[in-house]
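Below is input_24.cif, which holds mmCIF, C-alpha atoms and all ligand atoms.
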```
data_my_file
loop_
_atom_site.label_atom_id
_atom_site.label_comp_id
_atom_site.auth_asym_id
_atom_site.auth_seq_id
_atom_site.Cartn_x
_atom_site.Cartn_y
_atom_site.Cartn_z
CA MET C 251 20.22 7.31 -99.95
CA ARG C 252 19.39 4.45 -97.59
CA ILE C 253 20.95 1.04 -97.15
CA ILE C 254 19.04 -2.00 -95.96
CA CYS C 255 21.42 -3.56 -93.45
CA PRO C 256 20.84 -7.34 -93.38
CA PHE C 257 21.10 -7.19 -89.58
CA CYS C 258 19.39 -3.88 -88.69
CA GLY C 259 16.98 -3.14 -91.52
CA GLU C 260 16.69 0.06 -93.54
CA ARG C 261 18.92 2.89 -92.29
CA GLU C 262 19.99 6.35 -93.39
CA LEU C 263 23.31 6.87 -95.12
CA GLY C 264 24.74 8.78 -92.13
CA GLU C 265 25.05 5.56 -90.15
CA PHE C 266 27.41 4.06 -92.74
CA THR C 267 31.01 4.66 -93.77
CA TYR C 268 32.24 3.95 -97.28
CA LEU C 269 35.34 1.89 -97.86
CA GLY C 270 35.33 1.28 -101.62
CA ASP C 271 35.58 -1.41 -104.26
CA ALA C 272 35.10 -4.91 -102.86
CA LYS C 273 36.77 -6.56 -105.84
CA PRO C 274 40.52 -6.24 -105.18
CA GLN C 275 41.91 -9.33 -103.50
CA ARG C 276 45.20 -9.31 -101.60
CA PRO C 277 47.75 -11.03 -103.83
CA ALA C 278 49.79 -13.99 -102.65
CA ALA C 279 52.96 -13.10 -100.74
CA ASP C 280 55.12 -14.10 -103.74
CA ALA C 281 52.90 -12.49 -106.40
CA GLY C 282 55.41 -9.75 -107.14
CA GLU C 283 55.55 -5.96 -106.98
CA ASP C 284 53.22 -5.27 -109.91
CA ALA C 285 50.41 -7.32 -108.40
CA VAL C 286 50.78 -5.55 -105.04
CA TYR C 287 50.90 -2.15 -106.75
CA ASP C 288 47.73 -3.02 -108.62
CA TYR C 289 46.02 -4.21 -105.43
CA VAL C 290 46.96 -1.15 -103.36
CA TYR C 291 46.63 1.68 -105.90
CA LEU C 292 44.75 0.82 -109.05
CA ARG C 293 40.98 1.00 -109.17
CA ASP C 294 38.46 0.78 -111.97
CA ASN C 295 36.24 3.85 -112.13
CA ILE C 296 33.04 2.03 -112.93
CA ALA C 297 30.05 3.84 -114.41
CA GLY C 298 27.43 1.25 -113.58
CA VAL C 299 27.05 -1.61 -111.16
CA ILE C 300 29.83 -2.02 -108.60
CA SER C 301 30.28 -4.20 -105.54
CA GLU C 302 31.65 -2.20 -102.62
CA TYR C 303 32.28 -2.34 -98.89
CA TRP C 304 30.30 -0.24 -96.42
CA TYR C 305 30.64 -0.22 -92.64
CA HIS C 306 27.55 0.11 -90.44
CA GLY C 307 29.54 1.93 -87.74
CA GLY C 308 26.55 3.96 -86.55
CA GLY C 309 24.55 0.77 -86.05
CA CYS C 310 25.50 -2.89 -85.66
CA ARG C 311 29.18 -2.32 -86.58
CA ALA C 312 29.13 -5.00 -89.28
CA TRP C 313 30.91 -4.76 -92.62
CA LEU C 314 28.56 -5.07 -95.56
CA LYS C 315 28.98 -5.78 -99.25
CA VAL C 316 26.68 -3.53 -101.24
CA THR C 317 25.91 -3.83 -104.95
CA ARG C 318 25.25 -0.30 -106.20
CA ASN C 319 24.82 1.42 -109.53
CA THR C 320 27.13 4.44 -109.52
CA LEU C 321 25.00 6.18 -112.16
CA THR C 322 21.65 5.93 -110.36
CA HIS C 323 22.68 5.03 -106.77
CA GLU C 324 20.24 2.15 -107.03
CA ILE C 325 21.21 -0.58 -104.58
CA SER C 326 20.35 -4.05 -105.86
CA ALA C 327 21.84 -6.21 -103.09
CA VAL C 328 23.30 -5.95 -99.59
CA GLU C 329 24.94 -8.88 -97.86
CA PRO C 330 27.18 -9.35 -94.83
CA ALA C 331 30.87 -9.13 -95.72
CA ALA C 332 32.89 -12.27 -95.07
CA GLY C 333 33.33 -12.68 -91.32
CA ALA C 334 30.49 -10.39 -90.21
CA GLY C 335 29.11 -11.71 -86.93
CA ALA C 336 30.22 -15.08 -85.68
CA ALA C 337 28.23 -17.34 -87.96
CA LYS C 338 27.14 -15.54 -91.10
CA VAL C 339 29.81 -15.49 -93.76
CA GLY C 340 29.23 -13.68 -97.04
CA ALA C 341 30.73 -14.49 -100.39
CA MET Q 129 52.80 2.67 -54.47
CA ALA Q 130 50.31 5.47 -54.83
CA ASP Q 131 46.95 5.03 -53.22
CA PHE Q 132 43.95 5.65 -55.39
CA SER Q 133 40.50 6.35 -54.17
CA TRP Q 134 38.05 5.79 -56.98
CA ASP Q 135 34.83 7.67 -56.58
CA ILE Q 136 32.28 5.94 -58.79
CA ARG Q 137 29.92 8.53 -60.21
CA SER Q 138 27.45 8.58 -63.05
CA PRO Q 139 28.74 10.15 -66.28
CA LEU Q 140 25.67 12.41 -66.00
CA ASP Q 141 26.41 13.37 -62.40
CA ARG Q 142 27.36 16.91 -63.44
CA ALA Q 143 24.83 17.51 -66.23
CA LEU Q 144 21.70 16.04 -64.68
CA VAL Q 145 19.68 18.48 -62.60
CA ALA Q 146 16.63 16.79 -61.12
CA GLY Q 147 13.34 18.65 -61.41
CA PRO Q 148 11.43 20.46 -64.15
CA TYR Q 149 13.04 21.80 -67.32
CA GLY Q 150 11.83 23.73 -70.35
CA ALA Q 151 8.21 24.66 -71.01
CA GLN Q 152 6.02 25.20 -67.95
CA GLY Q 153 2.98 23.11 -67.15
CA GLU Q 154 2.49 19.39 -67.38
CA ALA Q 155 5.68 17.75 -68.60
CA GLY Q 156 5.40 16.00 -71.95
CA VAL Q 157 8.70 14.17 -71.54
CA SER Q 158 10.07 12.32 -68.55
CA LEU Q 159 13.81 11.61 -68.41
CA THR Q 160 15.18 9.24 -65.81
CA GLU Q 161 18.79 8.23 -65.64
CA ILE Q 162 19.21 4.70 -64.27
CA ARG Q 163 22.35 4.33 -62.18
CA ASN Q 164 24.41 1.46 -60.80
CA PHE Q 165 23.61 -1.36 -63.18
CA ASP Q 166 25.55 -4.37 -64.40
CA LEU Q 167 26.01 -4.42 -68.15
CA VAL Q 168 27.89 -7.21 -69.91
CA GLN Q 169 28.52 -7.38 -73.63
CA VAL Q 170 28.45 -10.97 -74.90
CA MET Q 171 30.01 -11.58 -78.31
CA ALA Q 172 29.89 -15.07 -79.78
CA ARG Q 173 33.21 -16.40 -80.99
CA ARG Q 174 33.70 -17.51 -84.59
CA GLY Q 175 31.39 -20.45 -85.28
CA LYS Q 176 30.04 -20.45 -81.71
CA ALA Q 177 26.83 -18.46 -82.15
CA GLY Q 178 24.65 -21.50 -81.49
CA GLU Q 179 26.57 -22.45 -78.34
CA THR Q 180 26.33 -18.87 -77.08
CA ILE Q 181 22.57 -18.81 -77.57
CA ALA Q 182 22.25 -22.17 -75.82
CA ALA Q 183 24.41 -21.01 -72.90
CA ALA Q 184 22.31 -17.85 -72.55
CA LYS Q 185 19.14 -19.88 -72.57
CA ALA Q 186 20.43 -22.31 -69.95
CA ARG Q 187 21.53 -19.48 -67.69
CA LEU Q 188 18.79 -16.90 -68.21
CA GLY Q 189 15.88 -19.14 -69.13
CA ALA Q 190 15.19 -17.11 -72.25
CA ALA Q 191 16.47 -17.16 -75.78
CA ALA Q 192 18.91 -14.31 -76.45
CA PRO Q 193 17.61 -12.23 -79.35
CA GLU Q 194 19.12 -12.99 -82.76
CA THR Q 195 17.42 -9.97 -84.34
CA PRO Q 196 17.09 -6.39 -83.02
CA LYS Q 197 14.95 -7.13 -79.96
CA ALA Q 198 15.12 -6.78 -76.19
CA VAL Q 199 13.96 -9.71 -74.07
CA SER Q 200 12.89 -9.10 -70.48
CA ILE Q 201 13.28 -11.86 -67.93
CA ALA Q 202 12.68 -11.73 -64.19
CA ASP Q 203 15.96 -10.14 -63.17
CA ALA Q 204 17.61 -9.01 -66.39
CA THR Q 205 17.08 -7.63 -69.87
CA VAL Q 206 18.89 -9.14 -72.84
CA ILE Q 207 19.34 -6.64 -75.66
CA TRP Q 208 20.56 -7.35 -79.19
CA SER Q 209 23.59 -5.21 -80.00
CA GLY Q 210 24.75 -6.58 -83.36
CA PRO Q 211 25.11 -9.86 -85.25
CA ASP Q 212 25.82 -12.67 -82.77
CA GLN Q 213 26.21 -10.29 -79.84
CA PHE Q 214 24.00 -8.94 -77.09
CA PHE Q 215 24.00 -7.08 -73.79
CA VAL Q 216 22.90 -8.53 -70.46
CA LEU Q 217 21.57 -5.68 -68.30
CA SER Q 218 20.87 -6.38 -64.64
CA LYS Q 219 21.39 -5.21 -61.08
CA GLY Q 220 22.96 -6.44 -57.89
CA GLY Q 221 25.70 -8.66 -59.28
CA LYS Q 222 23.63 -11.73 -60.16
CA HIS Q 223 24.50 -11.40 -63.85
CA SER Q 224 27.73 -9.42 -63.52
CA ILE Q 225 30.71 -10.32 -65.67
CA ASP Q 226 32.13 -12.44 -62.84
CA ALA Q 227 28.88 -14.35 -62.61
CA LEU Q 228 28.60 -14.85 -66.38
CA ALA Q 229 32.24 -15.69 -67.13
CA SER Q 230 31.88 -19.42 -66.55
CA VAL Q 231 28.53 -19.53 -68.39
CA PHE Q 232 30.05 -18.38 -71.68
CA ALA Q 233 33.52 -19.87 -71.23
CA GLY Q 234 34.55 -21.22 -74.63
CA SER Q 235 31.58 -19.86 -76.55
CA ALA Q 236 31.67 -16.07 -76.25
CA SER Q 237 33.90 -13.18 -75.29
CA LEU Q 238 32.58 -10.94 -72.52
CA SER Q 239 33.27 -7.30 -71.91
CA ASP Q 240 32.13 -5.43 -68.80
CA GLN Q 241 30.35 -2.25 -69.89
CA SER Q 242 28.78 -1.41 -66.51
CA HIS Q 243 30.73 1.83 -66.15
CA ALA Q 244 31.13 2.43 -69.87
CA ARG Q 245 27.54 3.36 -70.64
CA ALA Q 246 24.89 5.67 -69.29
CA LEU Q 247 21.31 4.45 -69.28
CA ILE Q 248 18.51 6.93 -69.90
CA SER Q 249 14.84 6.01 -69.70
CA ILE Q 250 12.49 8.23 -71.70
CA SER Q 251 8.73 8.31 -71.40
CA GLY Q 252 5.82 10.71 -71.50
CA ASP Q 253 3.16 11.83 -73.99
CA LYS Q 254 5.73 13.58 -76.13
CA ALA Q 255 8.57 11.06 -75.83
CA ARG Q 256 8.17 9.87 -79.41
CA ALA Q 257 7.84 13.41 -80.79
CA MET Q 258 11.01 14.38 -78.95
CA LEU Q 259 12.92 11.31 -80.16
CA ALA Q 260 11.78 11.92 -83.74
CA LYS Q 261 14.04 14.97 -83.79
CA LEU Q 262 17.06 12.86 -82.86
CA SER Q 263 16.48 9.50 -84.48
CA SER Q 264 15.76 8.29 -87.99
CA ILE Q 265 14.24 5.08 -86.62
CA ASP Q 266 10.49 4.71 -87.11
CA LEU Q 267 9.22 4.59 -83.53
CA HIS Q 268 5.53 4.30 -84.38
CA PRO Q 269 3.98 1.65 -82.12
CA ASP Q 270 2.97 -0.42 -85.16
CA VAL Q 271 6.65 -0.73 -86.08
CA PHE Q 272 8.55 -0.28 -82.83
CA GLY Q 273 6.51 -2.14 -80.26
CA VAL Q 274 7.40 -3.33 -76.77
CA GLY Q 275 10.63 -5.32 -77.04
CA ALA Q 276 11.83 -3.70 -80.26
CA ALA Q 277 15.49 -2.66 -80.24
CA ALA Q 278 17.94 -0.88 -82.50
CA ALA Q 279 21.66 -0.28 -82.66
CA THR Q 280 21.60 3.17 -84.19
CA SER Q 281 22.92 6.71 -83.97
CA MET Q 282 21.51 9.87 -82.44
CA ASP Q 283 23.24 13.17 -83.03
CA HIS Q 284 26.20 11.26 -84.58
CA THR Q 285 26.50 9.21 -81.40
CA SER Q 286 26.13 5.43 -81.33
CA VAL Q 287 23.33 4.31 -79.05
CA THR Q 288 21.40 1.18 -78.20
CA LEU Q 289 17.71 1.98 -78.13
CA TRP Q 290 14.91 -0.34 -77.05
CA ARG Q 291 11.32 -0.15 -75.97
CA GLY Q 292 10.73 -1.51 -72.48
CA ASP Q 293 7.46 -2.54 -70.93
CA ASP Q 294 4.87 0.24 -70.85
CA ARG Q 295 4.60 2.18 -67.60
CA ASN Q 296 1.27 3.76 -66.59
CA GLY Q 297 -0.02 3.02 -70.08
CA GLN Q 298 2.83 4.93 -71.70
CA ALA Q 299 5.66 3.75 -73.92
CA VAL Q 300 9.12 3.66 -72.34
CA PHE Q 301 12.20 4.09 -74.51
CA ASN Q 302 15.54 3.07 -73.03
CA LEU Q 303 18.80 4.43 -74.31
CA LEU Q 304 22.34 3.19 -73.67
CA VAL Q 305 25.02 5.66 -74.67
CA PHE Q 306 28.81 5.61 -74.26
CA ALA Q 307 29.74 7.26 -70.95
CA THR Q 308 31.99 9.85 -72.55
CA PHE Q 309 29.24 10.88 -74.99
CA ALA Q 310 26.44 10.83 -72.42
CA GLU Q 311 26.68 14.46 -71.37
CA SER Q 312 26.69 15.67 -74.96
CA LEU Q 313 23.67 13.56 -75.90
CA TRP Q 314 21.94 14.53 -72.67
CA HIS Q 315 22.11 18.22 -73.62
CA THR Q 316 20.83 17.41 -77.10
CA ILE Q 317 17.92 15.48 -75.58
CA LEU Q 318 17.12 18.40 -73.28
CA ASP Q 319 17.15 20.81 -76.23
CA SER Q 320 14.84 18.51 -78.14
CA ALA Q 321 12.49 18.00 -75.17
CA ALA Q 322 12.39 21.56 -73.82
CA GLU Q 323 9.38 22.66 -75.87
CA HIS Q 324 7.29 19.84 -74.40
CA GLY Q 325 8.29 20.46 -70.80
CA VAL Q 326 10.50 17.92 -69.07
CA THR Q 327 10.66 16.25 -65.71
CA ILE Q 328 14.14 15.01 -64.85
CA GLY Q 329 15.23 12.49 -62.28
CA HIS Q 330 17.48 9.56 -61.59
CA SER Q 331 16.79 6.16 -60.16
CA GLU Q 332 18.52 2.99 -59.03
CA ASP Q 333 15.72 0.79 -60.33
CA LEU Q 334 15.80 -0.95 -63.67
CA ALA Q 335 12.35 -0.53 -65.17
ZN ZN C 401 23.53 -2.95 -89.23
#
```
Transcribe the structure of this file into structure tokens.
Ligand SMILES: [Zn+2]
Amino acid sequence: MRIICPFCGERELGEFTYLGDAKPQRPAADAGEDAVYDYVYLRDNIAGVISEYWYHGGGCRAWLKVTRNTLTHEISAVEPAAGAGAAKVGA
Amino acid sequence: MADFSWDIRSPLDRALVAGPYGAQGEAGVSLTEIRNFDLVQVMARRGKAGETIAAAKARLGAAAPETPKAVSIADATVIWSGPDQFFVLSKGGKHSIDALASVFAGSASLSDQSHARALISISGDKARAMLAKLSSIDLHPDVFGVGAAAATSMDHTSVTLWRGDDRNGQAVFNLLVFATFAESLWHTILDSAAEHGVTIGHSEDLA
């Protein structure tokens, strides 16, 4: 498997570290225990297209948001994660 | 208060043995460690990438690379190291961190890496064949020409790799590696190069 880093170009998997699902958003401070529990522990086990975080630690050290099909490993999009670099901000 | 006497030595001081290594005959790979350089990491602050580029241009007379490239100017090389960040590699203090601090004040954060990296220059007929065993980057001249650069990994070790100006008609690959990983990577490079025959040296001159 290879990932096309938007900064570096196409690179082998070994240069990247997997974080996981990019969907969970930190709940508001007053959202309550259930929302925090959900955010910290509960994940969907998606068979299909998922948006997930990868770290290009063996390269440019940017966080990336990768859209990947868990059934085929096909990657349909890679974009910088929010805050990567000083100027580029992803969704 | 205790007195300290710091003896500044290359991280490869122990491992590097100048002279021939590996297969006999004409060396296919030439390894030269470059010592005593100034290396400053420049990282643009949030929203200040444009100002950082402008400051670099005003100071160095060349645009700092915004893609994986290395730009040579008269007395320095500016090497891309990640999004909105680059290295300034030079000698003799002209572009040391003290000299650059005021240039990037307010636009970028600087970090002195002069003693935090080892710099290895690799050339020779078999340089690319040797590197192919360590790197997954396509180093074919059609793809990785003079001035191409990459932040990548070799033997699980983060490196900054770029192609300098050709020397004697041969490609020159420059490698910056963390000081504490330099000896490990050095041995891996020697293992990879041994079959081609190696000539080893060190130099104070930036190519
Ligand atoms: Zn990258």
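Atom CA of Q:Asn302 is found 12.7 Å from atom CA of Q:Ser200.
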Can you measure atom CA of C:Gly259 to atom CA of Q:Val170 for me? One decimal in Å is fine. 21.7 Å
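Across Q:His268, Q:Ser286, Q:Phe306, Q:Ile248, the tightest approach to ligand ZN 401 (chain C) is made by Q:Ser286 when counting all atoms listed in the file.
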Shell around C:Gly335 at 10 Å using only C-alpha atoms, local window under 3 positions removed, as an MDAnalysis selection string: (chainID C and resid 257 310:313 330:332 338:339) or (chainID Q and resid 171:175 177 210:213)
Please report the interatomic distance between atom CA of Q:Leu262 and atom CA of Q:Thr280 in Å with one decimal. 10.8 Å
At most 10 Å from (17.1, -15.2, -66.8), file frame, only C-alpha atoms: which residues, as a PyMOL selection string? chain Q and resi 184-192+199-206+216+218+222-223
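With only C-alpha atoms as the atoms that count, the minimum distance from chain Q to the choices C:Val290, C:Val328, C:Gly308, C:Ala278 is reached by C:Gly308.
Candidate residues C:Met251, C:Ala336, C:Cys258, C:Ala279 were compared for distance to ligand ZN 401 (chain C), and the nearest is C:Cys258, using only C-alpha atoms and all ligand atoms.
Shell of Q:Ile225 at 9 Å, with all atoms listed in the file counted and residues fewer than 4 places along the chain excluded, is Asp166, Leu167, Val168, Gln169, Gly221, Ala229, Leu238, Ser239 and Asp240 of chain Q.
With all atoms listed in the file as the atoms that count, the minimum distance from chain Q to the choices C:Thr317, C:Ile254, C:His306, C:Asp294 is reached by C:His306.
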Hey, list the chain Q side of the contact with chain C: 12 Å cut-off, only C-alpha atoms, answer as a ChimeraX atom specification. /Q:170-181,193-197,208-214,235-237,263-266,271,276-289
